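Working notes, beginning with the structure itself.
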Amino acid sequence: MEEPSSPADTPLWKIVELDQFRTPEKTQASQWRRSLRSVSSWLGGKSDAEQQVKDESELRRLPEVRLAHLVPPIDWAPVASALALELNGQDAPVTFFITTPYSGHVAVVRQWAEKHNFACVPTPSLSELAEGGTDWVEQCVNHREWAVPALERCFLRHTQGIQGIREFLERALSGRLGKGVIGCDSWTYAFLQQVIGINGAPVFTLQSMEGEQLSRYFAMMAAHAGQPPAVYSTRSGRQLLPGTETKRNEKAPYKELQRLSAHCRGHIGIAWHYWRERLREPTESKEEELWMVDALAEAELATDTGDIATLVLHALLIHGGLDDHSLGEVLPFSHHEALNARLALQRKGIVSSFEGRWQVAPLSYANVRQLLESRNYLVDPL
């Protein structure tokens, strides 16, 4: 009889069809805790209900140089290789690869395209999109094998701004543009599915990671910088990474990271940001140990977040981020109101600037998604 697989046998990178994506264990419980924490904060301010084993005042942020060694950028090459295996033999004119924000679809599709000699279609400018330009679509005609790494950069949600992407998808899905692979933000995919309809094309995504996989991945990253240090949770005192001496009767290290996995819905790109932003070192101790401050203590949205702020957040997610001018163009109110709402969200740390565009900040993503879902906004399938 075949031995059952252990958690350590689970691959870190697994490409699956969209309908096979599964959120990690305890995701629903994590969402419930976020709702309760948000309501409690709104009614009575922050509470000290969760006891901390380690006082965060005894800790300090790591120097940027050391942090870069311990938590380097995610190498998406293994995901591109895994995607190549799934695409081998695909005969559909268009195949989608979608991920949540910060989770690598742009890098993955670009790396895959370079290795397989597919031409990457240049991204149209925001001004070109605003004018309804379609010249970028013709780039695909010149290359019978092409790739679009970031489809979210190819439209604006208004009459003129959606013309190009509508024409592109109609021609691509019919096979008139040859064969292509499209990288797409999961929120953009949900929006285009509803507005234009892109049924029939194969859709792949990166399967979620459970706590054990996160533990292994973070340990692997730290090991590249030499002997990985012990990392403890300020909330529970437990060690978070395998390979170091554990306390007697302590549960497996990954059990603690299951909370983070559930909170992030298993998306490694979001979890990576939590890990990097929450690592600390003792202010005085000479010991080689690190601490992870309460990994889920991110900027929280109030339960009474207004309609304008909510619409701003939804627009940013659907477009994969926007600059201030374009944000005002896609919202049903004045540019002044849009700017004021964005500034308020920025001050709270809920949105941040990334590559010249305002985006939902990584550590606020889980709360923003839950808020939109609770208000019956269109949300992504991941």
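Naming works like this for the structure tokens: A, B, ... for the chains as they're shown, residue 1 at the start of each chain, ligands 1 onward in shown order.
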
What are the DSSP strand (DSSP E) residues of region 250-363 of chain A, as a list in words? Leu279, Arg280, Glu281, Pro282, Glu289, Leu290, Trp291, Met292, Val351, Ser352, Ser353, Phe354, Arg357, Trp358, Gln359 and Val360 of chain A

Now that the selection is made, can you save its residues with all heavy atoms as a compact mmCIF listing (two decimals), in the first residue's frame?
# COMPACT_ATOMS: atom_id res chain seq x y z
N LEU A 279 9.26 41.37 10.61
CA LEU A 279 10.44 40.79 11.25
C LEU A 279 11.13 41.85 12.11
O LEU A 279 11.31 42.99 11.68
CB LEU A 279 11.42 40.27 10.21
CG LEU A 279 11.28 38.83 9.74
CD1 LEU A 279 12.40 38.49 8.76
CD2 LEU A 279 11.27 37.84 10.89
N ARG A 280 11.54 41.47 13.32
CA ARG A 280 12.23 42.37 14.24
C ARG A 280 13.40 41.64 14.90
O ARG A 280 13.46 40.41 14.90
CB ARG A 280 11.27 42.87 15.33
CG ARG A 280 10.05 43.62 14.83
CD ARG A 280 10.43 44.99 14.28
NE ARG A 280 9.25 45.77 13.96
CZ ARG A 280 8.62 45.77 12.81
NH1 ARG A 280 9.05 44.96 11.83
NH2 ARG A 280 7.57 46.53 12.59
N GLU A 281 14.31 42.42 15.49
CA GLU A 281 15.41 41.87 16.26
C GLU A 281 15.44 42.54 17.63
O GLU A 281 14.96 43.67 17.78
CB GLU A 281 16.75 42.08 15.54
CG GLU A 281 17.14 43.53 15.38
CD GLU A 281 18.46 43.69 14.66
OE1 GLU A 281 19.06 42.67 14.29
OE2 GLU A 281 18.90 44.85 14.46
N PRO A 282 15.97 41.85 18.67
CA PRO A 282 16.05 42.46 19.99
C PRO A 282 16.91 43.72 19.97
O PRO A 282 17.90 43.80 19.24
CB PRO A 282 16.68 41.36 20.85
CG PRO A 282 16.43 40.09 20.11
CD PRO A 282 16.45 40.47 18.66
N GLU A 289 18.71 35.76 17.18
CA GLU A 289 17.30 35.39 17.13
C GLU A 289 16.51 36.55 16.57
O GLU A 289 16.90 37.71 16.67
CB GLU A 289 16.77 35.02 18.52
CG GLU A 289 16.73 36.19 19.49
CD GLU A 289 16.15 35.81 20.84
OE1 GLU A 289 16.37 34.68 21.30
OE2 GLU A 289 15.48 36.68 21.44
N LEU A 290 15.40 36.22 15.92
CA LEU A 290 14.50 37.22 15.37
C LEU A 290 13.11 36.96 15.91
O LEU A 290 12.78 35.85 16.35
CB LEU A 290 14.51 37.16 13.84
CG LEU A 290 15.84 37.43 13.14
CD1 LEU A 290 15.68 37.25 11.64
CD2 LEU A 290 16.35 38.83 13.46
N TRP A 291 12.27 38.00 15.84
CA TRP A 291 10.89 37.89 16.29
C TRP A 291 9.96 38.41 15.19
O TRP A 291 10.28 39.37 14.49
CB TRP A 291 10.68 38.70 17.57
CG TRP A 291 11.38 38.10 18.75
CD1 TRP A 291 12.69 38.26 19.09
CD2 TRP A 291 10.79 37.25 19.74
NE1 TRP A 291 12.97 37.55 20.23
CE2 TRP A 291 11.83 36.93 20.66
CE3 TRP A 291 9.52 36.73 19.96
CZ2 TRP A 291 11.61 36.10 21.77
CZ3 TRP A 291 9.29 35.92 21.06
CH2 TRP A 291 10.33 35.61 21.95
N MET A 292 8.82 37.76 15.09
CA MET A 292 7.77 38.21 14.19
C MET A 292 6.68 38.86 15.03
O MET A 292 6.00 38.18 15.81
CB MET A 292 7.19 37.02 13.41
CG MET A 292 5.93 37.33 12.62
SD MET A 292 6.19 38.49 11.28
CE MET A 292 7.20 37.53 10.19
N VAL A 351 -3.67 52.51 1.30
CA VAL A 351 -3.14 52.51 -0.06
C VAL A 351 -1.72 53.02 -0.03
O VAL A 351 -1.34 53.79 0.86
CB VAL A 351 -4.01 53.36 -1.03
CG1 VAL A 351 -5.43 52.85 -1.06
CG2 VAL A 351 -3.94 54.83 -0.67
N SER A 352 -0.93 52.60 -1.00
CA SER A 352 0.47 53.04 -1.08
C SER A 352 0.86 53.15 -2.54
O SER A 352 0.20 52.58 -3.43
CB SER A 352 1.39 52.06 -0.35
OG SER A 352 1.25 50.76 -0.89
N SER A 353 1.93 53.88 -2.81
CA SER A 353 2.40 54.08 -4.18
C SER A 353 3.34 52.95 -4.58
O SER A 353 4.24 52.58 -3.82
CB SER A 353 3.12 55.42 -4.29
OG SER A 353 3.59 55.64 -5.60
N PHE A 354 3.12 52.40 -5.76
CA PHE A 354 3.96 51.32 -6.28
C PHE A 354 4.08 51.50 -7.78
O PHE A 354 3.07 51.50 -8.49
CB PHE A 354 3.34 49.96 -5.94
CG PHE A 354 4.17 48.78 -6.38
CD1 PHE A 354 5.33 48.44 -5.72
CD2 PHE A 354 3.77 48.01 -7.47
CE1 PHE A 354 6.10 47.36 -6.12
CE2 PHE A 354 4.52 46.92 -7.89
CZ PHE A 354 5.69 46.60 -7.21
N ARG A 357 1.84 54.18 -9.38
CA ARG A 357 0.39 54.03 -9.27
C ARG A 357 0.00 53.79 -7.82
O ARG A 357 0.75 53.18 -7.06
CB ARG A 357 -0.11 52.84 -10.12
CG ARG A 357 0.11 53.01 -11.62
CD ARG A 357 -0.22 51.72 -12.35
NE ARG A 357 0.03 51.84 -13.78
CZ ARG A 357 -0.93 51.76 -14.71
NH1 ARG A 357 -2.18 51.54 -14.36
NH2 ARG A 357 -0.63 51.88 -15.99
N TRP A 358 -1.18 54.26 -7.47
CA TRP A 358 -1.71 53.99 -6.14
C TRP A 358 -2.37 52.62 -6.14
O TRP A 358 -3.16 52.30 -7.02
CB TRP A 358 -2.72 55.06 -5.73
CG TRP A 358 -2.08 56.39 -5.57
CD1 TRP A 358 -2.14 57.45 -6.44
CD2 TRP A 358 -1.24 56.80 -4.50
NE1 TRP A 358 -1.39 58.49 -5.97
CE2 TRP A 358 -0.83 58.12 -4.77
CE3 TRP A 358 -0.80 56.18 -3.32
CZ2 TRP A 358 0.01 58.83 -3.91
CZ3 TRP A 358 0.03 56.88 -2.47
CH2 TRP A 358 0.43 58.20 -2.77
N GLN A 359 -2.00 51.81 -5.16
CA GLN A 359 -2.55 50.46 -5.04
C GLN A 359 -2.94 50.18 -3.59
O GLN A 359 -2.45 50.84 -2.67
CB GLN A 359 -1.51 49.43 -5.48
CG GLN A 359 -1.17 49.49 -6.96
CD GLN A 359 -0.20 48.37 -7.37
OE1 GLN A 359 0.93 48.35 -6.96
NE2 GLN A 359 -0.69 47.44 -8.16
N VAL A 360 -3.82 49.23 -3.42
CA VAL A 360 -4.13 48.77 -2.06
C VAL A 360 -2.86 48.19 -1.46
O VAL A 360 -2.21 47.34 -2.07
CB VAL A 360 -5.26 47.72 -2.08
CG1 VAL A 360 -5.46 47.12 -0.69
CG2 VAL A 360 -6.57 48.34 -2.58

Tell me which protein, DNA and RNA residues are within 12 Å of His224 (chain A), counting only C-alpha atoms, leaving out same-chain ones fewer than 5 positions away, and put them as JSON, numbers by chain. {"A": [68, 69, 70, 71, 72, 217, 218, 219, 229]}

Could you turn the residues from that selection into a file that holds C-alpha atoms, as a PDB file, in the first residue's frame?
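Final file, selection.pdb:
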ATOM      1  CA  ALA A  68      17.317  42.122   1.984  1.00  0.00           C
ATOM      2  CA  HIS A  69      19.512  39.083   2.705  1.00  0.00           C
ATOM      3  CA  LEU A  70      16.969  37.302   4.903  1.00  0.00           C
ATOM      4  CA  VAL A  71      13.919  38.128   2.787  1.00  0.00           C
ATOM      5  CA  PRO A  72      15.017  38.598  -0.837  1.00  0.00           C
ATOM      6  CA  TYR A 217       9.722  28.811   1.957  1.00  0.00           C
ATOM      7  CA  PHE A 218      10.742  31.449   4.518  1.00  0.00           C
ATOM      8  CA  ALA A 219      13.347  29.040   5.931  1.00  0.00           C
ATOM      9  CA  PRO A 229      18.322  32.333  12.656  1.00  0.00           C
TER      10      PRO A 229
END

Neighbour list for Ser261 (chain A) as a ChimeraX atom specification, cut-off 7 Å, only C-alpha atoms, skip fewer than 5 positions in-chain: /A:24,209-211,266

Which residues, written as a PDB file with C-alpha atoms, in the first residue's frame, have at least one atom at most 12 Å from region 328-342 of chain A, with only C-alpha atoms counted and residues fewer than 6 positions away on the same chain left out?
ATOM      1  CA  LEU A 126      -2.738  55.693 -19.873  1.00  0.00           C
ATOM      2  CA  SER A 127      -3.239  58.607 -22.274  1.00  0.00           C
ATOM      3  CA  LEU A 129      -6.198  54.205 -23.278  1.00  0.00           C
ATOM      4  CA  ALA A 130      -8.094  57.343 -22.274  1.00  0.00           C
ATOM      5  CA  GLU A 131      -8.411  58.302 -25.948  1.00  0.00           C
ATOM      6  CA  PHE A 155      -7.953  49.353 -20.136  1.00  0.00           C
ATOM      7  CA  LEU A 156      -9.723  52.087 -18.180  1.00  0.00           C
ATOM      8  CA  ARG A 157     -13.249  51.584 -16.916  1.00  0.00           C
ATOM      9  CA  HIS A 158     -15.083  54.090 -19.081  1.00  0.00           C
ATOM     10  CA  THR A 159     -16.522  54.159 -22.601  1.00  0.00           C
ATOM     11  CA  GLN A 160     -13.336  55.158 -24.402  1.00  0.00           C
ATOM     12  CA  GLY A 161     -10.954  53.269 -22.167  1.00  0.00           C
ATOM     13  CA  ILE A 162     -12.560  49.877 -22.675  1.00  0.00           C
ATOM     14  CA  THR A 305     -15.857  53.288   5.632  1.00  0.00           C
ATOM     15  CA  GLY A 306     -17.753  55.614   3.292  1.00  0.00           C
ATOM     16  CA  ASP A 307     -19.034  54.871  -0.198  1.00  0.00           C
ATOM     17  CA  ILE A 308     -16.512  57.125  -1.942  1.00  0.00           C
ATOM     18  CA  ALA A 309     -13.542  55.473  -0.216  1.00  0.00           C
ATOM     19  CA  THR A 310     -14.990  52.034  -0.989  1.00  0.00           C
ATOM     20  CA  LEU A 311     -15.400  52.886  -4.671  1.00  0.00           C
ATOM     21  CA  VAL A 312     -11.820  54.199  -4.789  1.00  0.00           C
ATOM     22  CA  LEU A 313     -10.500  50.933  -3.344  1.00  0.00           C
ATOM     23  CA  HIS A 314     -12.562  48.868  -5.793  1.00  0.00           C
ATOM     24  CA  ALA A 315     -11.358  50.911  -8.778  1.00  0.00           C
ATOM     25  CA  LEU A 316      -7.721  50.528  -7.709  1.00  0.00           C
ATOM     26  CA  ILE A 318      -9.920  46.331 -10.755  1.00  0.00           C
ATOM     27  CA  HIS A 319      -7.221  48.292 -12.600  1.00  0.00           C
ATOM     28  CA  GLY A 321      -3.509  50.434  -9.511  1.00  0.00           C
ATOM     29  CA  LEU A 322      -4.002  53.910 -11.014  1.00  0.00           C
ATOM     30  CA  LYS A 348      -4.213  55.401   7.168  1.00  0.00           C
ATOM     31  CA  GLY A 349      -1.731  53.197   5.312  1.00  0.00           C
ATOM     32  CA  ILE A 350      -4.467  51.436   3.348  1.00  0.00           C
ATOM     33  CA  VAL A 351      -3.144  52.507  -0.063  1.00  0.00           C
ATOM     34  CA  SER A 352       0.465  53.040  -1.082  1.00  0.00           C
ATOM     35  CA  SER A 353       2.405  54.080  -4.180  1.00  0.00           C
ATOM     36  CA  ARG A 357       0.387  54.029  -9.274  1.00  0.00           C
ATOM     37  CA  TRP A 358      -1.714  53.991  -6.140  1.00  0.00           C
ATOM     38  CA  GLN A 359      -2.548  50.463  -5.036  1.00  0.00           C
ATOM     39  CA  VAL A 360      -4.134  48.771  -2.059  1.00  0.00           C
TER      40      VAL A 360
END

Could you jot down the CA of Gln346 (chain A) to CA of Ser208 (chain A) separation for me, Å, one decimal place?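 So the answer is 28.7 Å.
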